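Scroll down for the structure; my scribbles are underneath it.
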Amino acid sequence: MRGLALSGVLAAVLSFSTTHAALTQVSSWGENPTNLEMAVYLPSTLAEKPAIVLALHYCGGTGQAYYQMANYDSYANAGGFIVAYPTTKKDSNCWDVASTKSLTNNGGGDSTGLVNMVKYLIEKYNADPAKVYATGSSSGCMMTNVLLAAYPDVFAAGSCYSGVAAGCLAGSPGSSPQSADPNCASGNNVKTGEQWASQAKAMYPGYNGSYPRMQTFHGTADFFVHYKNLAEQLKEWSALLGVDFIKNVTNTPQSGYTQMVYGDGTKMVGYSAEGVGHTVPVHPQLDVAWFGLA
């Protein structure tokens, strides 16, 4: 849930023609129950079986704006992978992370449309179905959590910024700052890891496989999507992945950031950014490394 400052809006407008030209707009890519839009960055040379990164914008954003903000181009060109930048235009351009449809595997909500984008790209570009990843900021991080919970057989890993646990907004009237139940963003939706995991598993009844690896960032000075939500994400994913907290590594990956390592650090890590508000800046090099695409 991130509003652009005026300067950011102007920058997005001024750069739109260049940004738009660098992306391939895609239509008729499959079942699209909530009328999402899809834009794709194709690297200069595709890998033989390219990976796919689904990059999800913040509230009030667009795929084109997040393309400018996240800037995965050089990494995609080096690794030959595809980056999809979807857009939602409902509920103040916030991803639906509240409705039963979106919080259910193949339920017909935003999450279904996003997964259908991935399926289209796998088929069209002979992409590797074992190398599908999700990332995003604010509302995009919230949807990253939902996608990994509701479609654990589609996504291999997620890495996201300043979001909430999957299911935090379940049953809320909406997902935007204007429409959402404020208890979630304020950090007051507190559960045990087992309770979060049970809620996540209910999004895909009958699934007995493993869950995707998770990396998540949050700023200690975030009072919009409160910092307390980092702890709830970590509880949820540590329970789903069966890993326990092991240690903190200070000033990693940079001064003021603390890396929280779970297990051996290959399935789950968190990052606490001291003094950072909403949202933590995108660290594309860390996302790509977490996905194994560096």
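Identifiers for the structure tokens are assigned positionally: chains receive A, B, ... in sequence, residues are indexed from 1 per chain, and ligands are indexed from 1 in the order shown.
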
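DSSP annotation of segment 187-285 of chain A from backbone atoms: strand (DSSP E) residues are A:Arg213, A:Met214, A:Gln215, A:Thr216, A:Phe217, A:His218, A:Gly219, A:Phe245, A:Ile246, A:Lys247, A:Asn248, A:Val249, A:Thr250, A:Tyr257, A:Thr258, A:Gln259, A:Met260, A:Val261, A:Tyr262, A:Met268, A:Val269, A:Gly270, A:Tyr271, A:Ser272, A:Ala273.
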
Segment 255-270 of chain A environment, 7 Å, only C-alpha atoms, sequence neighbours closer than 2 positions dropped, as a VMD selection string: chain A and resid 213 to 217 243 to 253 272 to 274

Quick one: write out the picked residues with C-alpha atoms as a PDB file, in the first residue's frame?
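This went into selection-v3.pdb:
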```pdb
ATOM      1  CA  ARG A 213      11.224 -20.461  -0.216  1.00  0.00           C
ATOM      2  CA  MET A 214      10.611 -16.973   1.199  1.00  0.00           C
ATOM      3  CA  GLN A 215      12.682 -13.815   1.653  1.00  0.00           C
ATOM      4  CA  THR A 216      10.957 -10.760   3.093  1.00  0.00           C
ATOM      5  CA  PHE A 217      11.998  -7.202   4.030  1.00  0.00           C
ATOM      6  CA  VAL A 243      12.496 -24.023   9.924  1.00  0.00           C
ATOM      7  CA  ASP A 244      13.373 -22.280  13.177  1.00  0.00           C
ATOM      8  CA  PHE A 245      15.122 -18.987  13.836  1.00  0.00           C
ATOM      9  CA  ILE A 246      18.883 -19.496  14.132  1.00  0.00           C
ATOM     10  CA  LYS A 247      20.645 -16.137  14.245  1.00  0.00           C
ATOM     11  CA  ASN A 248      20.754 -12.444  13.365  1.00  0.00           C
ATOM     12  CA  VAL A 249      23.475 -11.096  11.084  1.00  0.00           C
ATOM     13  CA  THR A 250      23.855  -7.358  11.562  1.00  0.00           C
ATOM     14  CA  ASN A 251      24.698  -4.834   8.843  1.00  0.00           C
ATOM     15  CA  THR A 252      23.731  -7.310   6.136  1.00  0.00           C
ATOM     16  CA  PRO A 253      23.363  -6.673   3.219  1.00  0.00           C
ATOM     17  CA  SER A 272      14.811  -5.727   9.219  1.00  0.00           C
ATOM     18  CA  ALA A 273      15.774  -2.271   7.882  1.00  0.00           C
ATOM     19  CA  GLU A 274      16.531   0.142  10.724  1.00  0.00           C
TER      20      GLU A 274
END
```

Residues within 8 Å of segment 117-125 of chain A, only C-alpha atoms, excluding chain neighbours under 4 positions, as an NGL selection string: :A and (29-30 or 38 or 49-50 or 52 or 54 or 113 or 129 or 132)

Selected residues written out with C-alpha atoms, as an mmCIF file, in the first residue's frame:
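Contents of out.cif, as written:
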```cif
data_model
loop_
_atom_site.group_PDB
_atom_site.id
_atom_site.type_symbol
_atom_site.label_atom_id
_atom_site.label_comp_id
_atom_site.auth_asym_id
_atom_site.auth_seq_id
_atom_site.Cartn_x
_atom_site.Cartn_y
_atom_site.Cartn_z
ATOM 1 C CA TRP A 29 -3.308 -14.690 -22.415
ATOM 2 C CA GLY A 30 -5.988 -16.888 -20.880
ATOM 3 C CA MET A 38 -0.063 -7.808 -18.475
ATOM 4 C CA LYS A 49 14.260 -22.672 -20.829
ATOM 5 C CA PRO A 50 13.930 -19.257 -19.206
ATOM 6 C CA ILE A 52 9.871 -16.256 -14.972
ATOM 7 C CA LEU A 54 6.317 -12.018 -11.595
ATOM 8 C CA GLY A 113 -5.394 -14.357 -13.290
ATOM 9 C CA PRO A 129 7.921 -24.399 -14.755
ATOM 10 C CA VAL A 132 8.786 -19.360 -11.435
#
```

Test item: residues at most 12 Å from Tyr75 of chain A, only C-alpha atoms, excluding those fewer than 3 positions along its chain, as a ChimeraX atom specification: /A:41-45,51,53,70-72,78-83,283-289,291-294

Helix (DSSP H, G or I) positions in segment 124-285 of chain A, given as an MDAnalysis selection string: chainID A and resid 124:125 139:150 182:185 193:201 228:241 284:285

Using only C-alpha atoms: which of A:Ala157, A:Leu240, A:Ala55, A:Cys94 has the shortest distance to Ala200 of chain A: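 Residue with the minimum atom-to-atom distance to Ala200 of chain A: A:Leu240.
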
Top pick for closest residue to Trp237 of chain A, considering A:Gly171, A:Gly108, A:Gly158, A:Gly219 and counting only C-alpha atoms: A:Gly158

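Going from atom CA of Asn77 of chain A over to atom CA of Ala47 of chain A, you cover 9.5 Å.
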
Distance criterion (only C-alpha atoms): nearest to Thr192 of chain A out of A:Val97, A:Leu234, A:Val280, A:Cys141: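 Result for the nearest residue to Thr192 of chain A: A:Leu234.
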
Gap from atom CA of Glu236 of chain A to atom CA of Gln195 of chain A - Å, one decimal: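 Atom-to-atom, atom CA of Glu236 of chain A to atom CA of Gln195 of chain A, that is 7.9 Å.
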
Atom CA of Ser162 of chain A to atom CA of Leu241 of chain A, distance in Å rounded to a single decimal: 20.4 Å

Residues within 8 Å of Leu56 of chain A, only C-alpha atoms, excluding chain neighbours under 5 positions, as a ChimeraX atom specification: /A:63,66,85-87,134-137,139-141,143-144

Selected residue, from A:Ala185, A:Leu147, A:Ala180, A:Val40, that lies nearest to Ser92 of chain A when counting only C-alpha atoms: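 Closest candidate: A:Ala180.
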
Could you name the residues that touch His218 of chain A at 10 Å or less, counting only C-alpha atoms, but leaving out those on the same chain fewer than 4 positions away, as a JSON list (two decimals) with N, CA and C atoms, in the first residue's frame?
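And here's out.json as it stands now:
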```
[["chain", "number", "residue", "atom", "x", "y", "z"],
["A", 138, "SER", "N", 4.83, -3.68, -0.99],
["A", 138, "SER", "CA", 3.61, -3.28, -0.31],
["A", 138, "SER", "C", 2.46, -4.20, -0.72],
["A", 160, "CYS", "N", 10.05, -10.22, -1.18],
["A", 160, "CYS", "CA", 9.19, -9.05, -1.28],
["A", 160, "CYS", "C", 9.40, -8.07, -0.14],
["A", 161, "TYR", "N", 8.75, -6.92, -0.27],
["A", 161, "TYR", "CA", 9.06, -5.75, 0.54],
["A", 161, "TYR", "C", 7.81, -5.15, 1.20],
["A", 162, "SER", "N", 7.84, -5.06, 2.54],
["A", 162, "SER", "CA", 6.86, -4.28, 3.28],
["A", 162, "SER", "C", 5.42, -4.75, 3.10],
["A", 163, "GLY", "N", 5.21, -6.05, 3.28],
["A", 163, "GLY", "CA", 3.88, -6.61, 3.11],
["A", 163, "GLY", "C", 3.32, -7.20, 4.39],
["A", 164, "VAL", "N", 2.40, -8.16, 4.23],
["A", 164, "VAL", "CA", 1.77, -8.83, 5.37],
["A", 164, "VAL", "C", 1.68, -10.32, 5.08],
["A", 222, "ASP", "N", 8.24, 1.82, 9.53],
["A", 222, "ASP", "CA", 7.04, 1.70, 8.70],
["A", 222, "ASP", "C", 5.81, 1.68, 9.62],
["A", 225, "VAL", "N", 2.15, 0.19, 6.72],
["A", 225, "VAL", "CA", 1.97, -1.25, 6.88],
["A", 225, "VAL", "C", 2.96, -1.61, 8.00],
["A", 226, "HIS", "N", 2.48, -1.66, 9.20],
["A", 226, "HIS", "CA", 3.33, -1.61, 10.39],
["A", 226, "HIS", "C", 4.41, -2.69, 10.40],
["A", 227, "TYR", "N", 5.53, -2.29, 10.96],
["A", 227, "TYR", "CA", 6.69, -3.19, 11.09],
["A", 227, "TYR", "C", 6.33, -4.49, 11.79],
["A", 228, "LYS", "N", 5.34, -4.46, 12.67],
["A", 228, "LYS", "CA", 4.95, -5.68, 13.38],
["A", 228, "LYS", "C", 4.52, -6.79, 12.43],
["A", 229, "ASN", "N", 4.14, -6.43, 11.20],
["A", 229, "ASN", "CA", 3.73, -7.45, 10.23],
["A", 229, "ASN", "C", 4.89, -8.33, 9.77],
["A", 230, "LEU", "N", 6.11, -7.84, 9.93],
["A", 230, "LEU", "CA", 7.26, -8.69, 9.57],
["A", 230, "LEU", "C", 7.27, -9.94, 10.44],
["A", 231, "ALA", "N", 7.05, -9.77, 11.73],
["A", 231, "ALA", "CA", 7.05, -10.92, 12.63],
["A", 231, "ALA", "C", 5.97, -11.94, 12.26],
["A", 257, "TYR", "N", 20.79, -2.77, 8.22],
["A", 257, "TYR", "CA", 19.92, -3.91, 7.93],
["A", 257, "TYR", "C", 20.37, -5.11, 8.76],
["A", 270, "GLY", "N", 14.67, -13.22, 6.72],
["A", 270, "GLY", "CA", 13.99, -11.94, 6.82],
["A", 270, "GLY", "C", 15.02, -10.84, 6.93],
["A", 271, "TYR", "N", 14.62, -9.62, 6.57],
["A", 271, "TYR", "CA", 15.50, -8.47, 6.69],
["A", 271, "TYR", "C", 14.75, -7.34, 7.40],
["A", 272, "SER", "N", 15.35, -6.87, 8.48],
["A", 272, "SER", "CA", 14.81, -5.73, 9.22],
["A", 272, "SER", "C", 15.67, -4.51, 8.89],
["A", 273, "ALA", "N", 15.05, -3.46, 8.33],
["A", 273, "ALA", "CA", 15.77, -2.27, 7.88],
["A", 273, "ALA", "C", 15.58, -1.14, 8.88],
["A", 274, "GLU", "N", 16.61, -0.85, 9.66],
["A", 274, "GLU", "CA", 16.53, 0.14, 10.72],
["A", 274, "GLU", "C", 16.27, 1.54, 10.16],
["A", 276, "VAL", "N", 13.94, 2.64, 8.26],
["A", 276, "VAL", "CA", 13.35, 2.71, 6.92],
["A", 276, "VAL", "C", 11.83, 2.67, 7.05],
["A", 277, "GLY", "N", 11.16, 3.54, 6.31],
["A", 277, "GLY", "CA", 9.70, 3.60, 6.33],
["A", 277, "GLY", "C", 9.09, 2.73, 5.26],
["A", 278, "HIS", "N", 7.98, 3.21, 4.71],
["A", 278, "HIS", "CA", 7.23, 2.43, 3.71],
["A", 278, "HIS", "C", 7.51, 2.99, 2.31],
["A", 279, "THR", "N", 8.13, 2.24, 1.44],
["A", 279, "THR", "CA", 8.50, 0.84, 1.59],
["A", 279, "THR", "C", 10.02, 0.69, 1.59],
["A", 280, "VAL", "N", 10.49, -0.51, 1.96],
["A", 280, "VAL", "CA", 11.92, -0.79, 1.81],
["A", 280, "VAL", "C", 12.25, -0.74, 0.32],
["A", 281, "PRO", "N", 13.32, -0.05, -0.07],
["A", 281, "PRO", "CA", 13.69, -0.01, -1.49],
["A", 281, "PRO", "C", 13.94, -1.41, -2.04]]
```

Counting only C-alpha atoms, the option among A:Ser198, A:Gln233, A:Gln178, A:Gln68 closest to Ala166 of chain A: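 Comparing A:Ser198, A:Gln233, A:Gln178, A:Gln68 against Ala166 of chain A, the winner is A:Gln233.
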